[in-house]
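The next block is target.csv, given as CSV, N, CA and C atoms.
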chain,number,residue,atom,x,y,z
A,1,MET,N,45.3,94.0,-11.7
A,1,MET,CA,45.2,94.8,-10.5
A,1,MET,C,46.4,94.5,-9.6
A,2,ASP,N,46.9,95.5,-9.0
A,2,ASP,CA,48.1,95.4,-8.1
A,2,ASP,C,47.7,94.8,-6.8
A,3,GLN,N,48.7,94.3,-6.1
A,3,GLN,CA,48.5,93.7,-4.8
A,3,GLN,C,47.8,94.6,-3.8
A,4,GLN,N,48.3,95.8,-3.7
A,4,GLN,CA,47.6,96.8,-2.8
A,4,GLN,C,46.2,97.0,-3.1
A,5,GLY,N,45.8,97.1,-4.4
A,5,GLY,CA,44.4,97.2,-4.8
A,5,GLY,C,43.6,96.0,-4.3
A,6,ARG,N,44.1,94.8,-4.4
A,6,ARG,CA,43.4,93.6,-4.0
A,6,ARG,C,43.1,93.6,-2.5
A,7,ILE,N,44.2,94.1,-1.8
A,7,ILE,CA,44.0,94.1,-0.3
A,7,ILE,C,43.0,95.2,0.1
A,8,LEU,N,43.1,96.3,-0.5
A,8,LEU,CA,42.1,97.4,-0.2
A,8,LEU,C,40.7,96.9,-0.6
A,9,ASP,N,40.5,96.3,-1.7
A,9,ASP,CA,39.2,95.7,-2.0
A,9,ASP,C,38.6,94.8,-1.0
A,10,ALA,N,39.5,93.9,-0.5
A,10,ALA,CA,39.1,92.9,0.5
A,10,ALA,C,38.7,93.6,1.8
A,11,ILE,N,39.5,94.6,2.2
A,11,ILE,CA,39.2,95.3,3.5
A,11,ILE,C,37.9,96.1,3.3
A,12,LEU,N,37.7,96.8,2.2
A,12,LEU,CA,36.5,97.6,2.0
A,12,LEU,C,35.3,96.7,2.0
A,13,GLY,N,35.4,95.6,1.3
A,13,GLY,CA,34.3,94.6,1.2
A,13,GLY,C,33.9,94.1,2.6
A,14,ARG,N,34.9,93.8,3.4
A,14,ARG,CA,34.7,93.3,4.7
A,14,ARG,C,33.9,94.4,5.6
A,15,ARG,N,34.3,95.6,5.4
A,15,ARG,CA,33.7,96.7,6.1
A,15,ARG,C,32.2,96.9,5.7
A,16,LEU,N,32.0,96.7,4.4
A,16,LEU,CA,30.6,96.8,3.9
A,16,LEU,C,29.8,95.7,4.6
A,17,ARG,N,30.3,94.5,4.6
A,17,ARG,CA,29.6,93.4,5.2
A,17,ARG,C,29.4,93.6,6.7
A,18,TRP,N,30.4,94.1,7.5
A,18,TRP,CA,30.2,94.4,8.9
A,18,TRP,C,29.1,95.4,9.1
A,19,ARG,N,29.0,96.4,8.3
A,19,ARG,CA,28.0,97.4,8.5
A,19,ARG,C,26.6,96.9,8.2
A,20,ARG,N,26.5,96.1,7.1
A,20,ARG,CA,25.3,95.4,6.7
A,20,ARG,C,24.8,94.5,7.9
A,21,LEU,N,25.7,93.7,8.4
A,21,LEU,CA,25.3,92.9,9.5
A,21,LEU,C,24.9,93.7,10.8
A,22,ASP,N,25.6,94.8,11.0
A,22,ASP,CA,25.3,95.6,12.1
A,22,ASP,C,23.9,96.2,12.0
A,23,LEU,N,23.4,96.4,10.8
A,23,LEU,CA,22.0,96.8,10.5
A,23,LEU,C,21.0,95.7,10.5
A,24,ASP,N,21.5,94.4,10.6
A,24,ASP,CA,20.6,93.3,10.4
A,24,ASP,C,19.9,93.3,9.1
A,25,ALA,N,20.7,93.7,8.1
A,25,ALA,CA,20.1,93.8,6.7
A,25,ALA,C,20.7,92.6,5.9
A,26,THR,N,19.9,92.2,4.9
A,26,THR,CA,20.3,91.1,4.0
A,26,THR,C,21.1,91.8,2.8
A,27,GLN,N,21.8,91.0,2.1
A,27,GLN,CA,22.4,91.5,0.8
A,27,GLN,C,21.3,92.0,-0.1
A,28,LYS,N,20.2,91.3,-0.2
A,28,LYS,CA,19.1,91.7,-1.1
A,28,LYS,C,18.6,93.1,-0.7
A,29,GLU,N,18.4,93.3,0.6
A,29,GLU,CA,17.9,94.6,1.1
A,29,GLU,C,18.9,95.8,0.7
A,30,VAL,N,20.2,95.5,1.0
A,30,VAL,CA,21.2,96.5,0.6
A,30,VAL,C,21.2,96.7,-0.9
A,31,GLY,N,21.1,95.7,-1.6
A,31,GLY,CA,21.1,95.8,-3.1
A,31,GLY,C,20.0,96.6,-3.6
A,32,LEU,N,18.8,96.4,-3.0
A,32,LEU,CA,17.6,97.2,-3.4
A,32,LEU,C,17.8,98.6,-3.1
A,33,ARG,N,18.4,98.9,-1.9
A,33,ARG,CA,18.6,100.3,-1.5
A,33,ARG,C,19.6,101.0,-2.4
A,34,ALA,N,20.6,100.2,-2.9
A,34,ALA,CA,21.7,100.8,-3.7
A,34,ALA,C,21.4,100.7,-5.2
A,35,GLY,N,20.3,100.0,-5.6
A,35,GLY,CA,19.9,99.8,-7.0
A,35,GLY,C,20.7,98.8,-7.7
A,36,ILE,N,21.2,97.8,-7.0
A,36,ILE,CA,22.0,96.7,-7.6
A,36,ILE,C,21.5,95.3,-7.1
A,37,SER,N,21.9,94.3,-7.7
A,37,SER,CA,21.5,92.9,-7.3
A,37,SER,C,22.2,92.5,-6.0
A,38,TYR,N,21.6,91.5,-5.4
A,38,TYR,CA,22.3,91.0,-4.2
A,38,TYR,C,23.6,90.3,-4.6
A,39,GLN,N,23.6,89.7,-5.8
A,39,GLN,CA,24.9,89.1,-6.2
A,39,GLN,C,26.0,90.1,-6.3
A,40,GLN,N,25.7,91.3,-6.8
A,40,GLN,CA,26.7,92.3,-6.9
A,40,GLN,C,27.2,92.7,-5.5
A,41,VAL,N,26.3,92.8,-4.5
A,41,VAL,CA,26.6,93.1,-3.1
A,41,VAL,C,27.6,92.0,-2.6
A,42,GLN,N,27.2,90.8,-2.9
A,42,GLN,CA,28.0,89.7,-2.5
A,42,GLN,C,29.5,89.8,-3.1
A,43,ARG,N,29.6,90.2,-4.3
A,43,ARG,CA,30.9,90.3,-4.9
A,43,ARG,C,31.7,91.4,-4.3
A,44,PHE,N,31.0,92.6,-4.0
A,44,PHE,CA,31.7,93.7,-3.4
A,44,PHE,C,32.2,93.3,-2.0
A,45,GLU,N,31.3,92.6,-1.2
A,45,GLU,CA,31.7,92.2,0.1
A,45,GLU,C,32.8,91.2,0.1
A,46,GLY,N,32.9,90.4,-0.9
A,46,GLY,CA,33.9,89.4,-1.0
A,46,GLY,C,35.2,89.9,-1.5
A,47,GLY,N,35.2,91.2,-1.9
A,47,GLY,CA,36.4,91.8,-2.4
A,47,GLY,C,36.8,91.3,-3.8
A,48,LEU,N,35.8,90.7,-4.5
A,48,LEU,CA,36.0,90.1,-5.8
A,48,LEU,C,35.8,91.1,-7.0
A,49,THR,N,35.1,92.2,-6.7
A,49,THR,CA,34.8,93.2,-7.7
A,49,THR,C,35.2,94.6,-7.2
A,50,ARG,N,35.9,95.4,-8.0
A,50,ARG,CA,36.3,96.7,-7.6
A,50,ARG,C,35.1,97.6,-7.6
A,51,ILE,N,35.0,98.5,-6.6
A,51,ILE,CA,33.9,99.4,-6.4
A,51,ILE,C,34.3,100.8,-6.9
A,52,SER,N,33.4,101.3,-7.8
A,52,SER,CA,33.7,102.7,-8.3
A,52,SER,C,33.3,103.7,-7.3
A,53,ALA,N,33.7,104.9,-7.4
A,53,ALA,CA,33.4,106.0,-6.5
A,53,ALA,C,31.9,106.2,-6.4
A,54,ALA,N,31.2,106.2,-7.5
A,54,ALA,CA,29.8,106.4,-7.5
A,54,ALA,C,29.1,105.3,-6.8
A,55,MET,N,29.5,104.0,-7.0
A,55,MET,CA,28.9,102.9,-6.4
A,55,MET,C,29.2,102.9,-4.9
A,56,LEU,N,30.4,103.3,-4.5
A,56,LEU,CA,30.7,103.4,-3.1
A,56,LEU,C,29.8,104.4,-2.4
A,57,TRP,N,29.6,105.5,-3.0
A,57,TRP,CA,28.7,106.5,-2.5
A,57,TRP,C,27.3,105.9,-2.3
A,58,ARG,N,26.8,105.2,-3.3
A,58,ARG,CA,25.4,104.6,-3.2
A,58,ARG,C,25.4,103.5,-2.1
A,59,LEU,N,26.4,102.7,-2.0
A,59,LEU,CA,26.5,101.7,-0.9
A,59,LEU,C,26.5,102.3,0.4
A,60,ALA,N,27.3,103.4,0.6
A,60,ALA,CA,27.4,104.1,1.9
A,60,ALA,C,26.0,104.6,2.3
A,61,ASN,N,25.3,105.2,1.3
A,61,ASN,CA,24.0,105.7,1.6
A,61,ASN,C,23.0,104.6,1.9
A,62,ALA,N,23.1,103.5,1.2
A,62,ALA,CA,22.2,102.3,1.5
A,62,ALA,C,22.5,101.8,2.9
A,63,LEU,N,23.7,101.9,3.4
A,63,LEU,CA,24.1,101.4,4.7
A,63,LEU,C,24.0,102.5,5.8
A,64,ASP,N,23.6,103.7,5.4
A,64,ASP,CA,23.4,104.8,6.3
A,64,ASP,C,24.7,105.2,7.0
A,65,VAL,N,25.8,105.3,6.2
A,65,VAL,CA,27.1,105.8,6.7
A,65,VAL,C,27.7,106.7,5.7
A,66,SER,N,28.7,107.4,6.1
A,66,SER,CA,29.4,108.2,5.1
A,66,SER,C,30.5,107.4,4.5
A,67,VAL,N,31.0,107.8,3.3
A,67,VAL,CA,32.1,107.1,2.7
A,67,VAL,C,33.3,107.1,3.6
A,68,ALA,N,33.5,108.3,4.2
A,68,ALA,CA,34.7,108.4,5.1
A,68,ALA,C,34.6,107.4,6.3
A,69,TYR,N,33.4,107.0,6.7
A,69,TYR,CA,33.3,106.0,7.8
A,69,TYR,C,33.9,104.7,7.3
A,70,LEU,N,33.6,104.3,6.1
A,70,LEU,CA,34.1,103.1,5.5
A,70,LEU,C,35.6,103.0,5.5
A,71,PHE,N,36.3,104.2,5.4
A,71,PHE,CA,37.7,104.2,5.3
A,71,PHE,C,38.4,104.5,6.6
A,72,GLN,N,37.6,104.7,7.7
A,72,GLN,CA,38.2,105.1,9.0
A,72,GLN,C,39.2,104.0,9.5
A,73,ASP,N,40.4,104.5,9.9
A,73,ASP,CA,41.5,103.6,10.4
A,73,ASP,C,41.9,102.5,9.4
A,74,PHE,N,41.7,102.8,8.1
A,74,PHE,CA,42.0,101.9,7.0
A,74,PHE,C,43.5,101.4,7.1
A,75,GLU,N,44.4,102.3,7.3
A,75,GLU,CA,45.8,101.9,7.2
A,75,GLU,C,46.3,101.0,8.3
A,76,ARG,N,45.5,100.8,9.4
A,76,ARG,CA,45.8,99.9,10.5
A,76,ARG,C,45.3,98.5,10.3
A,77,GLU,N,44.4,98.3,9.3
A,77,GLU,CA,43.8,97.0,9.1
A,77,GLU,C,44.6,96.1,8.2
A,78,ARG,N,44.5,94.8,8.5
A,78,ARG,CA,45.2,93.9,7.6
A,78,ARG,C,44.1,92.9,7.0
A,79,PRO,N,44.5,92.4,5.9
A,79,PRO,CA,43.5,91.5,5.2
A,79,PRO,C,43.3,90.2,5.9
A,80,LEU,N,42.1,89.6,5.6
A,80,LEU,CA,41.9,88.2,6.1
A,80,LEU,C,42.5,87.2,5.2
A,81,PHE,N,42.8,87.6,4.0
A,81,PHE,CA,43.3,86.6,3.0
A,81,PHE,C,44.7,86.9,2.7
A,82,SER,N,45.5,85.8,2.4
A,82,SER,CA,46.8,86.0,1.9
A,82,SER,C,46.7,86.4,0.4
A,83,ASP,N,47.8,86.9,-0.1
A,83,ASP,CA,47.8,87.3,-1.5
A,83,ASP,C,47.5,86.1,-2.4
A,84,THR,N,47.9,84.9,-2.1
A,84,THR,CA,47.6,83.8,-2.9
A,84,THR,C,46.1,83.5,-2.9
A,85,GLU,N,45.5,83.6,-1.7
A,85,GLU,CA,44.1,83.3,-1.6
A,85,GLU,C,43.3,84.3,-2.4
A,86,LEU,N,43.7,85.6,-2.3
A,86,LEU,CA,43.0,86.6,-3.1
A,86,LEU,C,43.1,86.3,-4.6
A,87,PHE,N,44.3,85.9,-5.1
A,87,PHE,CA,44.4,85.6,-6.5
A,87,PHE,C,43.5,84.5,-6.9
A,88,GLU,N,43.5,83.4,-6.0
A,88,GLU,CA,42.7,82.2,-6.3
A,88,GLU,C,41.2,82.6,-6.3
A,89,ARG,N,40.8,83.4,-5.4
A,89,ARG,CA,39.4,83.8,-5.3
A,89,ARG,C,39.0,84.5,-6.6
A,90,ARG,N,39.9,85.4,-7.1
A,90,ARG,CA,39.6,86.2,-8.3
A,90,ARG,C,39.6,85.4,-9.6
A,91,SER,N,40.6,84.5,-9.6
A,91,SER,CA,40.8,83.8,-10.9
A,91,SER,C,40.0,82.5,-11.0
A,92,GLY,N,39.4,82.1,-9.9
A,92,GLY,CA,38.6,80.9,-10.0
A,92,GLY,C,39.4,79.6,-9.9
A,93,ALA,N,40.7,79.8,-9.6
A,93,ALA,CA,41.6,78.7,-9.4
A,93,ALA,C,41.2,77.9,-8.2
A,94,PRO,N,41.4,76.6,-8.2
A,94,PRO,CA,41.1,75.9,-6.9
A,94,PRO,C,42.0,76.3,-5.8
A,95,PRO,N,41.4,76.5,-4.6
A,95,PRO,CA,42.2,77.1,-3.5
A,95,PRO,C,43.2,76.1,-3.0
A,96,ARG,N,44.3,76.6,-2.6
A,96,ARG,CA,45.3,75.8,-1.9
A,96,ARG,C,45.2,76.1,-0.4
A,97,SER,N,45.6,75.2,0.4
A,97,SER,CA,45.6,75.5,1.8
A,97,SER,C,46.7,76.4,2.2
A,98,ALA,N,46.3,77.5,2.9
A,98,ALA,CA,47.3,78.5,3.3
A,98,ALA,C,47.7,78.2,4.7
A,99,PRO,N,48.9,78.6,5.1
A,99,PRO,CA,49.4,78.4,6.4
A,99,PRO,C,48.5,79.2,7.4
A,100,PRO,N,48.3,78.8,8.6
A,100,PRO,CA,47.4,79.5,9.5
A,100,PRO,C,47.8,80.9,9.8
A,101,GLN,N,49.1,81.2,9.8
A,101,GLN,CA,49.5,82.6,10.0
A,101,GLN,C,49.2,83.5,8.9
A,102,ALA,N,48.7,83.0,7.7
A,102,ALA,CA,48.4,83.9,6.6
A,102,ALA,C,47.1,84.6,6.8
A,103,LYS,N,46.2,84.1,7.7
A,103,LYS,CA,45.0,84.7,8.0
A,103,LYS,C,45.1,85.6,9.3
A,104,VAL,N,44.7,86.8,9.2
A,104,VAL,CA,44.8,87.7,10.3
A,104,VAL,C,43.4,88.3,10.6
A,105,GLU,N,42.9,88.0,11.8
A,105,GLU,CA,41.6,88.6,12.1
A,105,GLU,C,41.8,90.0,12.6
A,106,THR,N,40.8,90.9,12.3
A,106,THR,CA,40.8,92.2,12.7
A,106,THR,C,39.5,92.6,13.5
A,107,SER,N,39.5,93.6,14.2
A,107,SER,CA,38.4,94.0,15.0
A,107,SER,C,37.4,94.8,14.1
A,108,PRO,N,36.1,94.7,14.4
A,108,PRO,CA,35.1,95.4,13.6
A,108,PRO,C,35.3,97.0,13.7
A,109,LEU,N,34.6,97.7,12.9
A,109,LEU,CA,34.6,99.1,12.9
A,109,LEU,C,34.1,99.6,14.3
A,110,PRO,N,34.6,100.8,14.7
A,110,PRO,CA,34.0,101.4,15.9
A,110,PRO,C,32.5,101.9,15.6
A,111,PRO,N,31.7,102.1,16.6
A,111,PRO,CA,30.4,102.5,16.4
A,111,PRO,C,30.3,103.9,15.7
A,112,ARG,N,29.3,104.1,14.9
A,112,ARG,CA,29.2,105.3,14.1
A,112,ARG,C,28.9,106.4,15.1
A,113,PRO,N,29.5,107.6,15.0
A,113,PRO,CA,29.2,108.7,15.9
A,113,PRO,C,27.9,109.2,15.7

Could you render the structure from this file as structure tokens?
Amino acid sequence: MDQQGRILDAILGRRLRWRRLDLDATQKEVGLRAGISYQQVQRFEGGLTRISAAMLWRLANALDVSVAYLFQDFERERPLFSDTELFERRSGAPPRSAPPQAKVETSPLPPRP
């Protein structure tokens, strides 16, 4: 997978998590609504597993948002993980400490209209 794909997976996963937390729902509840296990929800939220278009649609429905909502202002957001951290998370390699500037916090999604 290319670098941009990993970054997009991380951003999308974070947005799924924010919306789930906004609903005060557990990963298990979202998984039941989407027809998947809570472990799979966990992998999607962590950006560890790529989400298919069909699964993205199911997750958006489970979270009561449109797919477009999950991509709103996507180009302005930056990942929380450095490229090295993303690779280590995916490969199972032991994490190395990243410099503090490698982590960039972003603001949550705006409220749903």

| Between A:Lys28, A:Arg33, A:Arg6, A:Arg19, which one has atoms that come closest to Leu48 in chain A, using only C-alpha atoms? | A:Arg6

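Between CA of Val65 in chain A and CA of Gln4 in chain A the separation is 24.3 Å.
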
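Restricting the calculation to only C-alpha atoms, the smallest distance between Val30 in chain A and any of A:Ala62, A:Ala53, A:Leu16, A:Leu8 is found for A:Ala62.
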
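The smallest atom-to-atom distance between Trp57 in chain A and any of A:Ala34, A:Val41, A:Ala10, A:Ala25, using only C-alpha atoms, is found for A:Ala34.
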
| Close residues, Gly46 in chain A itself excluded, 7 Å, only N, CA and C atoms, min 2 positions apart in chain, as number ranges by chain | A: 9-10, 13-14, 41-44, 48-49

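The spacing separating atom N of Ser37 in chain A from CA of Leu59 in chain A amounts to 11.1 Å.
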
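Nearest residue to Leu12 in chain A, choosing from A:Arg58, A:Leu70, A:Asp24, A:Leu63 and counting only N, CA and C atoms: A:Leu70.
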
| task | Give the answer as one residue: which of A:Leu56, A:Gly47, A:Leu23, A:Gly5 has the shortest atom-to-atom distance to Tyr69 in chain A, using only C-alpha atoms? | result | A:Leu56

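Take CA of Leu21 in chain A and CA of Ala60 in chain A: the distance between them is 13.7 Å.
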